[in-house]
$ cat work_10.pdb   # PDB, C-alpha atoms
ATOM      1  CA  MET D   1       0.000   0.000   0.000  1.00  0.00           C
ATOM      2  CA  LYS D   2       1.205   3.489  -0.770  1.00  0.00           C
ATOM      3  CA  ILE D   3       0.123   6.590   1.088  1.00  0.00           C
ATOM      4  CA  LYS D   4       0.167   9.782  -0.925  1.00  0.00           C
ATOM      5  CA  ILE D   5       0.120  13.265   0.573  1.00  0.00           C
ATOM      6  CA  ALA D   6       0.052  16.387  -1.550  1.00  0.00           C
ATOM      7  CA  THR D   7      -0.222  19.940  -0.317  1.00  0.00           C
ATOM      8  CA  PHE D   8      -1.527  22.832  -2.363  1.00  0.00           C
ATOM      9  CA  PHE D   9      -1.723  26.483  -1.353  1.00  0.00           C
ATOM     10  CA  PHE D  10      -4.442  28.592  -2.952  1.00  0.00           C
ATOM     11  CA  THR D  11      -6.637  31.015  -1.016  1.00  0.00           C
ATOM     12  CA  SER D  12      -6.985  28.386   1.681  1.00  0.00           C
ATOM     13  CA  ILE D  13      -4.851  25.523   2.899  1.00  0.00           C
ATOM     14  CA  LEU D  14      -5.547  22.199   1.221  1.00  0.00           C
ATOM     15  CA  ILE D  15      -3.894  19.098   2.587  1.00  0.00           C
ATOM     16  CA  TYR D  16      -4.698  15.783   0.971  1.00  0.00           C
ATOM     17  CA  SER D  17      -4.186  12.333   2.355  1.00  0.00           C
ATOM     18  CA  CYS D  18      -5.365   9.153   0.758  1.00  0.00           C
ATOM     19  CA  GLY D  19      -5.036   5.421   1.121  1.00  0.00           C
ATOM     20  CA  THR D  20      -5.658   2.296  -0.927  1.00  0.00           C
ATOM     21  CA  GLY D  21      -8.422  -0.060  -0.118  1.00  0.00           C
ATOM     22  CA  GLY D  22      -8.572  -3.557   1.284  1.00  0.00           C
ATOM     23  CA  SER D  23      -7.075  -6.256  -0.899  1.00  0.00           C
ATOM     24  CA  SER D  24      -6.907  -3.884  -3.861  1.00  0.00           C
ATOM     25  CA  ASP D  25      -3.414  -3.049  -5.117  1.00  0.00           C
ATOM     26  CA  ALA D  26      -4.572   0.165  -6.772  1.00  0.00           C
ATOM     27  CA  GLY D  27      -7.231   2.775  -6.211  1.00  0.00           C
ATOM     28  CA  ILE D  28      -7.919   5.529  -3.740  1.00  0.00           C
ATOM     29  CA  SER D  29     -10.501   5.192  -1.014  1.00  0.00           C
ATOM     30  CA  THR D  30     -10.736   8.843   0.084  1.00  0.00           C
ATOM     31  CA  LEU D  31      -8.888  12.135  -0.103  1.00  0.00           C
ATOM     32  CA  ILE D  32      -8.809  14.165   3.102  1.00  0.00           C
ATOM     33  CA  GLU D  33      -8.528  17.915   2.608  1.00  0.00           C
ATOM     34  CA  VAL D  34      -7.970  20.563   5.297  1.00  0.00           C
ATOM     35  CA  THR D  35     -10.230  23.466   4.347  1.00  0.00           C
ATOM     36  CA  ASP D  36     -10.018  25.699   7.437  1.00  0.00           C
ATOM     37  CA  VAL D  37      -7.954  26.219  10.604  1.00  0.00           C
ATOM     38  CA  GLU D  38      -9.322  28.457  13.392  1.00  0.00           C
ATOM     39  CA  PRO D  39      -7.669  30.326  14.936  1.00  0.00           C
ATOM     40  CA  THR D  40      -4.344  30.684  13.156  1.00  0.00           C
ATOM     41  CA  TYR D  41      -2.950  32.914  15.946  1.00  0.00           C
ATOM     42  CA  LEU D  42      -3.403  32.333  19.685  1.00  0.00           C
ATOM     43  CA  THR D  43      -2.309  34.041  22.884  1.00  0.00           C
ATOM     44  CA  ILE D  44      -1.731  31.286  25.446  1.00  0.00           C
ATOM     45  CA  ASP D  45      -1.441  32.060  29.153  1.00  0.00           C
ATOM     46  CA  LEU D  46       0.416  29.356  31.067  1.00  0.00           C
ATOM     47  CA  ILE D  47      -0.499  30.275  34.670  1.00  0.00           C
ATOM     48  CA  THR D  48      -3.222  32.275  36.453  1.00  0.00           C
ATOM     49  CA  LYS D  49      -1.765  33.534  39.758  1.00  0.00           C
ATOM     50  CA  ILE D  50      -3.710  33.742  43.006  1.00  0.00           C
ATOM     51  CA  ASP D  51      -2.862  36.094  45.921  1.00  0.00           C
ATOM     52  CA  ASN D  52      -5.463  35.564  48.650  1.00  0.00           C
ATOM     53  CA  ASP D  53      -3.773  37.800  51.245  1.00  0.00           C
ATOM     54  CA  ASN D  54      -2.619  40.619  48.918  1.00  0.00           C
ATOM     55  CA  GLN D  55       0.912  40.513  50.357  1.00  0.00           C
ATOM     56  CA  GLY D  56       2.680  40.341  46.973  1.00  0.00           C
ATOM     57  CA  GLU D  57       3.542  36.627  47.209  1.00  0.00           C
ATOM     58  CA  CYS D  58       1.293  34.287  45.264  1.00  0.00           C
ATOM     59  CA  THR D  59      -0.645  31.905  47.489  1.00  0.00           C
ATOM     60  CA  GLY D  60      -1.520  29.594  44.626  1.00  0.00           C
ATOM     61  CA  TYR D  61      -2.152  29.261  40.916  1.00  0.00           C
ATOM     62  CA  GLN D  62      -4.457  27.704  38.369  1.00  0.00           C
ATOM     63  CA  ILE D  63      -3.583  26.399  34.937  1.00  0.00           C
ATOM     64  CA  PRO D  64      -5.931  27.794  32.279  1.00  0.00           C
ATOM     65  CA  ILE D  65      -7.389  25.206  29.921  1.00  0.00           C
ATOM     66  CA  GLY D  66      -9.165  25.407  26.596  1.00  0.00           C
ATOM     67  CA  ASP D  67      -6.356  26.344  24.183  1.00  0.00           C
ATOM     68  CA  ALA D  68      -7.461  24.429  21.111  1.00  0.00           C
ATOM     69  CA  VAL D  69      -7.514  24.664  17.341  1.00  0.00           C
ATOM     70  CA  GLN D  70     -10.564  23.824  15.240  1.00  0.00           C
ATOM     71  CA  VAL D  71      -9.623  22.098  11.975  1.00  0.00           C
ATOM     72  CA  THR D  72     -12.205  21.481   9.257  1.00  0.00           C
ATOM     73  CA  PHE D  73     -11.614  18.409   7.108  1.00  0.00           C
ATOM     74  CA  LYS D  74     -13.354  17.558   3.845  1.00  0.00           C
ATOM     75  CA  SER D  75     -13.484  13.973   2.630  1.00  0.00           C
ATOM     76  CA  VAL D  76     -13.395  13.859  -1.167  1.00  0.00           C
ATOM     77  CA  ILE D  77     -14.398  10.700  -3.033  1.00  0.00           C
ATOM     78  CA  PRO D  78     -12.296  10.357  -6.207  1.00  0.00           C
ATOM     79  CA  GLU D  79     -14.041  10.003  -9.566  1.00  0.00           C
ATOM     80  CA  ASN D  80     -14.345   6.518 -11.056  1.00  0.00           C
ATOM     81  CA  ILE D  81     -13.506   4.871  -7.723  1.00  0.00           C
ATOM     82  CA  LYS D  82     -13.647   1.079  -7.892  1.00  0.00           C
ATOM     83  CA  ILE D  83     -13.698   0.431  -4.134  1.00  0.00           C
ATOM     84  CA  GLN D  84     -16.081   1.539  -1.416  1.00  0.00           C
ATOM     85  CA  PRO D  85     -14.981   4.897   0.048  1.00  0.00           C
ATOM     86  CA  SER D  86     -14.087   4.642   3.720  1.00  0.00           C
ATOM     87  CA  ASP D  87     -14.736   6.945   6.644  1.00  0.00           C
ATOM     88  CA  VAL D  88     -11.516   8.111   8.309  1.00  0.00           C
ATOM     89  CA  GLN D  89     -11.102   7.844  12.094  1.00  0.00           C
ATOM     90  CA  ILE D  90      -8.548  10.282  13.538  1.00  0.00           C
ATOM     91  CA  THR D  91      -6.678   8.492  16.345  1.00  0.00           C
ATOM     92  CA  ASP D  92      -3.974  10.889  17.527  1.00  0.00           C
ATOM     93  CA  TYR D  93      -2.042  14.017  16.631  1.00  0.00           C
ATOM     94  CA  THR D  94       1.417  15.471  17.229  1.00  0.00           C
ATOM     95  CA  VAL D  95       1.960  19.115  18.153  1.00  0.00           C
ATOM     96  CA  GLU D  96       5.390  20.642  17.497  1.00  0.00           C
ATOM     97  CA  PHE D  97       6.349  23.911  19.213  1.00  0.00           C
ATOM     98  CA  LYS D  98       9.246  25.753  17.546  1.00  0.00           C
ATOM     99  CA  PRO D  99      10.337  29.030  19.223  1.00  0.00           C
ATOM    100  CA  LYS D 100      10.632  31.998  16.872  1.00  0.00           C
ATOM    101  CA  THR D 101      13.310  34.071  18.647  1.00  0.00           C
ATOM    102  CA  LYS D 102      14.800  32.356  21.703  1.00  0.00           C
ATOM    103  CA  THR D 103      17.496  29.845  20.811  1.00  0.00           C
ATOM    104  CA  ASN D 104      17.705  28.496  24.381  1.00  0.00           C
ATOM    105  CA  ILE D 105      14.204  26.975  24.114  1.00  0.00           C
ATOM    106  CA  PRO D 106      14.263  23.480  22.568  1.00  0.00           C
ATOM    107  CA  VAL D 107      11.771  22.394  19.923  1.00  0.00           C
ATOM    108  CA  ARG D 108       9.065  20.389  21.709  1.00  0.00           C
ATOM    109  CA  ARG D 109       6.853  17.632  20.291  1.00  0.00           C
ATOM    110  CA  GLU D 110       3.916  16.125  22.135  1.00  0.00           C
ATOM    111  CA  THR D 111       1.538  13.423  20.878  1.00  0.00           C
ATOM    112  CA  TYR D 112      -2.028  13.228  22.168  1.00  0.00           C
ATOM    113  CA  LYS D 113      -4.730  10.582  21.673  1.00  0.00           C
ATOM    114  CA  THR D 114      -8.035  11.774  20.264  1.00  0.00           C
ATOM    115  CA  THR D 115     -10.999  10.575  18.278  1.00  0.00           C
ATOM    116  CA  CYS D 116     -12.850  12.282  15.445  1.00  0.00           C
ATOM    117  CA  LEU D 117     -14.679  10.543  12.596  1.00  0.00           C
ATOM    118  CA  ILE D 118     -14.630  12.083   9.110  1.00  0.00           C
ATOM    119  CA  PRO D 119     -17.451  10.442   7.139  1.00  0.00           C
ATOM    120  CA  ALA D 120     -16.678   9.561   3.501  1.00  0.00           C
ATOM    121  CA  GLY D 121     -17.725  12.398   1.208  1.00  0.00           C
ATOM    122  CA  GLN D 122     -18.587  14.789   4.049  1.00  0.00           C
ATOM    123  CA  THR D 123     -17.072  17.716   5.972  1.00  0.00           C
ATOM    124  CA  LYS D 124     -16.201  17.521   9.675  1.00  0.00           C
ATOM    125  CA  THR D 125     -14.630  19.970  12.151  1.00  0.00           C
ATOM    126  CA  CYS D 126     -12.411  18.454  14.833  1.00  0.00           C
ATOM    127  CA  SER D 127     -10.922  20.137  17.909  1.00  0.00           C
ATOM    128  CA  PHE D 128      -7.246  19.703  18.834  1.00  0.00           C
ATOM    129  CA  PRO D 129      -6.186  20.923  22.303  1.00  0.00           C
ATOM    130  CA  LEU D 130      -2.592  22.167  22.204  1.00  0.00           C
ATOM    131  CA  PHE D 131      -1.592  21.472  25.822  1.00  0.00           C
ATOM    132  CA  GLU D 132      -2.173  19.123  28.677  1.00  0.00           C
ATOM    133  CA  LYS D 133      -1.992  20.809  32.101  1.00  0.00           C
ATOM    134  CA  ASN D 134       1.375  19.303  33.003  1.00  0.00           C
ATOM    135  CA  GLN D 135       2.900  20.604  29.739  1.00  0.00           C
ATOM    136  CA  LYS D 136       1.800  24.173  30.508  1.00  0.00           C
ATOM    137  CA  LEU D 137       3.364  23.865  33.957  1.00  0.00           C
ATOM    138  CA  TYR D 138       6.570  22.515  32.380  1.00  0.00           C
ATOM    139  CA  PHE D 139       6.757  25.501  29.990  1.00  0.00           C
ATOM    140  CA  TYR D 140       6.208  27.886  32.924  1.00  0.00           C
ATOM    141  CA  GLN D 141       8.806  26.229  35.180  1.00  0.00           C
ATOM    142  CA  ASN D 142      11.396  26.467  32.393  1.00  0.00           C
ATOM    143  CA  ARG D 143      10.426  30.081  31.542  1.00  0.00           C
ATOM    144  CA  TRP D 144       9.806  29.146  27.915  1.00  0.00           C
ATOM    145  CA  PHE D 145       8.104  32.404  26.965  1.00  0.00           C
ATOM    146  CA  ASP D 146       8.185  33.325  23.258  1.00  0.00           C
ATOM    147  CA  ASP D 147       6.215  33.368  20.023  1.00  0.00           C
ATOM    148  CA  PHE D 148       6.069  29.835  18.623  1.00  0.00           C
ATOM    149  CA  ASP D 149       5.429  28.337  15.202  1.00  0.00           C
ATOM    150  CA  ILE D 150       3.129  25.388  15.854  1.00  0.00           C
ATOM    151  CA  THR D 151       2.686  22.460  13.474  1.00  0.00           C
ATOM    152  CA  ILE D 152      -0.007  19.829  13.959  1.00  0.00           C
ATOM    153  CA  THR D 153       0.302  16.424  12.283  1.00  0.00           C
ATOM    154  CA  VAL D 154      -2.857  14.312  12.399  1.00  0.00           C
ATOM    155  CA  HIS D 155      -2.829  10.499  12.251  1.00  0.00           C
ATOM    156  CA  GLY D 156      -5.749   8.236  11.510  1.00  0.00           C
ATOM    157  CA  LYS D 157      -7.057   5.089   9.871  1.00  0.00           C
ATOM    158  CA  GLU D 158      -9.519   4.261   7.166  1.00  0.00           C
ATOM    159  CA  VAL D 159     -12.374   2.545   8.998  1.00  0.00           C
ATOM    160  CA  ILE D 160     -13.158  -0.065   6.326  1.00  0.00           C
ATOM    161  CA  TYR D 161      -9.618  -0.972   5.273  1.00  0.00           C
ATOM    162  CA  ASP D 162      -7.684  -0.231   8.485  1.00  0.00           C
ATOM    163  CA  LYS D 163      -5.049   1.653   6.485  1.00  0.00           C
ATOM    164  CA  SER D 164      -3.020   4.308   8.313  1.00  0.00           C
ATOM    165  CA  ILE D 165      -3.018   7.892   7.056  1.00  0.00           C
ATOM    166  CA  GLU D 166      -1.154  11.043   8.038  1.00  0.00           C
ATOM    167  CA  ILE D 167      -2.334  14.609   7.467  1.00  0.00           C
ATOM    168  CA  GLY D 168       0.490  17.049   8.157  1.00  0.00           C
ATOM    169  CA  ASN D 169       1.599  20.650   8.132  1.00  0.00           C
ATOM    170  CA  ILE D 170      -1.402  22.267   9.799  1.00  0.00           C
ATOM    171  CA  SER D 171       0.322  25.474  10.863  1.00  0.00           C
ATOM    172  CA  LEU D 172      -0.412  28.324  13.256  1.00  0.00           C
ATOM    173  CA  THR D 173       1.400  30.766  15.531  1.00  0.00           C
ATOM    174  CA  ALA D 174       1.017  31.375  19.271  1.00  0.00           C
ATOM    175  CA  ARG D 175       2.422  33.691  21.906  1.00  0.00           C
ATOM    176  CA  ILE D 176       3.047  31.435  24.910  1.00  0.00           C
ATOM    177  CA  SER D 177       3.902  33.214  28.135  1.00  0.00           C
ATOM    178  CA  ASP D 178       2.889  34.177  31.665  1.00  0.00           C
ATOM    179  CA  ILE D 179       0.333  36.749  30.536  1.00  0.00           C
ATOM    180  CA  GLN D 180      -1.079  39.205  33.077  1.00  0.00           C
ATOM    181  CA  GLU D 181      -4.827  38.799  32.633  1.00  0.00           C
ATOM    182  CA  ALA D 182      -7.437  41.313  33.807  1.00  0.00           C
ATOM    183  CA  ASN D 183      -7.947  41.141  37.610  1.00  0.00           C
ATOM    184  CA  GLU D 184      -4.975  38.780  38.015  1.00  0.00           C
ATOM    185  CA  PRO D 185      -2.737  39.808  40.951  1.00  0.00           C
ATOM    186  CA  ASN D 186       0.778  40.956  40.147  1.00  0.00           C
ATOM    187  CA  CYS D 187       2.428  38.642  42.662  1.00  0.00           C
ATOM    188  CA  THR D 188       5.610  36.586  42.582  1.00  0.00           C
ATOM    189  CA  LEU D 189       5.173  32.886  41.905  1.00  0.00           C
ATOM    190  CA  ASN D 190       7.966  30.369  42.231  1.00  0.00           C
ATOM    191  CA  ILE D 191       7.286  26.785  41.233  1.00  0.00           C
ATOM    192  CA  PRO D 192      10.252  24.426  41.681  1.00  0.00           C
TER     193      PRO D 192
END
$ encode --input "work_10.pdb" --output "structure tokens"
Amino acid sequence: MKIKIATFFFTSILIYSCGTGGSSDAGISTLIEVTDVEPTYLTIDLITKIDNDNQGECTGYQIPIGDAVQVTFKSVIPENIKIQPSDVQITDYTVEFKPKTKTNIPVRRETYKTTCLIPAGQTKTCSFPLFEKNQKLYFYQNRWFDDFDITITVHGKEVIYDKSIEIGNISLTARISDIQEANEPNCTLNIP
């Protein structure tokens, strides 16, 4: 089996991924196209500080959640297909964080399990959280504050034929830092 991925840039990002079907040696089951990525720029706050006694030392913190990207996929059934088109089940995705300016911050890659079904011949929007809580804390502890180029690579399988696919190069940018939010105390927080 061969997996083919082609990327085209027009007015929107199109990323294709296809696979061959079952016992067939030729033929394409489905083409997966990325038609939209929202947002393409994020501001990500790593820590929300808490100062219950207003003495200037933080008495605690919370880790904000909800930093996610919505990616819209379109399943295209090729003309003159000789096999049954398959739905595609997304199984996991890898997020790569590459700092734009600070050379002392290493490139980070994290893989997360997920599930999102793209029905054959239909459009589906899937959500991809960019961080787990412990990863945000790790960035904060290491003072990895910068603008980052983020690349998401999505992995999945054709449901009928159990063939693996990869949809790559979903790109966005994020400012990742300890951002002073409205009503957040300006206290000192040290996390070992």
$ closest_residue --input "work_10.pdb" --among "D:Ile32, D:Ile150, D:Ile165, D:Cys126" --to "Lys74 of chain D" --atoms "only C-alpha atoms"
D:Ile32
$ resolve_selection --input "work_10.pdb" --expression "the PyMOL selection byres ((chain D and resi 138-146) around 7)" --output "JSON, numbers by chain"
{"D": [46, 99, 100, 101, 102, 105, 134, 135, 136, 137, 147, 148, 175, 176, 177, 191, 192]}
$ atom_distance --input "work_10.pdb" --atom1 "atom CA of Ile50 of chain D" --atom2 "atom CA of Glu132 of chain D"
20.5 Å
$ resolve_selection --input "work_10.pdb" --expression "the PyMOL selection byres ((chain D and resi 89) around 8)" --output "ChimeraX atom specification"
/D:87-88,90-91,115-118,156-159
$ closest_residue --input "work_10.pdb" --among "D:Leu42, D:Leu31, D:Val69, D:Val154" --to "Ala120 of chain D" --atoms "only C-alpha atoms"
D:Leu31
$ atom_distance --input "work_10.pdb" --atom1 "atom CA of Gly66 of chain D" --atom2 "atom CA of Gln122 of chain D"
26.6 Å
$ resolve_selection --input "work_10.pdb" --expression "the PyMOL selection byres ((chain D and resi 129) around 9)" --output "count of residues only"
12
$ build_atoms --input "work_10.pdb" --residues "segment 120-142 of chain D" --atoms "N, CA and C atoms" --output "CSV table (one decimal), in the frame of the given file"
chain,number,residue,atom,x,y,z
D,120,ALA,N,-17.0,9.5,4.9
D,120,ALA,CA,-16.7,9.6,3.5
D,120,ALA,C,-17.6,10.5,2.8
D,121,GLY,N,-17.0,11.5,2.0
D,121,GLY,CA,-17.7,12.4,1.2
D,121,GLY,C,-18.3,13.6,2.0
D,122,GLN,N,-18.0,13.7,3.2
D,122,GLN,CA,-18.6,14.8,4.0
D,122,GLN,C,-17.5,15.7,4.7
D,123,THR,N,-18.0,16.8,5.3
D,123,THR,CA,-17.1,17.7,6.0
D,123,THR,C,-17.3,17.6,7.5
D,124,LYS,N,-16.1,17.7,8.2
D,124,LYS,CA,-16.2,17.5,9.7
D,124,LYS,C,-15.2,18.5,10.3
D,125,THR,N,-15.6,19.1,11.4
D,125,THR,CA,-14.6,20.0,12.2
D,125,THR,C,-14.2,19.2,13.4
D,126,CYS,N,-12.9,19.1,13.7
D,126,CYS,CA,-12.4,18.5,14.8
D,126,CYS,C,-11.6,19.5,15.7
D,127,SER,N,-11.6,19.3,17.0
D,127,SER,CA,-10.9,20.1,17.9
D,127,SER,C,-9.6,19.5,18.4
D,128,PHE,N,-8.5,20.2,18.4
D,128,PHE,CA,-7.2,19.7,18.8
D,128,PHE,C,-6.7,20.6,19.9
D,129,PRO,N,-6.8,20.2,21.2
D,129,PRO,CA,-6.2,20.9,22.3
D,129,PRO,C,-4.7,20.9,22.1
D,130,LEU,N,-4.0,22.0,22.4
D,130,LEU,CA,-2.6,22.2,22.2
D,130,LEU,C,-1.8,21.8,23.4
D,131,PHE,N,-2.3,21.8,24.6
D,131,PHE,CA,-1.6,21.5,25.8
D,131,PHE,C,-2.4,20.5,26.7
D,132,GLU,N,-1.7,19.7,27.5
D,132,GLU,CA,-2.2,19.1,28.7
D,132,GLU,C,-1.7,20.0,29.8
D,133,LYS,N,-2.3,19.9,31.0
D,133,LYS,CA,-2.0,20.8,32.1
D,133,LYS,C,-0.5,20.7,32.5
D,134,ASN,N,0.0,19.5,32.6
D,134,ASN,CA,1.4,19.3,33.0
D,134,ASN,C,2.4,19.9,32.0
D,135,GLN,N,2.0,20.0,30.7
D,135,GLN,CA,2.9,20.6,29.7
D,135,GLN,C,2.9,22.1,29.9
D,136,LYS,N,1.8,22.7,30.2
D,136,LYS,CA,1.8,24.2,30.5
D,136,LYS,C,2.7,24.5,31.7
D,137,LEU,N,2.6,23.7,32.8
D,137,LEU,CA,3.4,23.9,34.0
D,137,LEU,C,4.8,23.7,33.6
D,138,TYR,N,5.2,22.7,32.8
D,138,TYR,CA,6.6,22.5,32.4
D,138,TYR,C,7.1,23.7,31.6
D,139,PHE,N,6.3,24.3,30.7
D,139,PHE,CA,6.8,25.5,30.0
D,139,PHE,C,7.0,26.6,31.0
D,140,TYR,N,6.1,26.8,32.0
D,140,TYR,CA,6.2,27.9,32.9
D,140,TYR,C,7.5,27.7,33.8
D,141,GLN,N,7.7,26.5,34.3
D,141,GLN,CA,8.8,26.2,35.2
D,141,GLN,C,10.1,26.5,34.5
D,142,ASN,N,10.2,26.3,33.2
D,142,ASN,CA,11.4,26.5,32.4
D,142,ASN,C,11.5,27.9,31.8
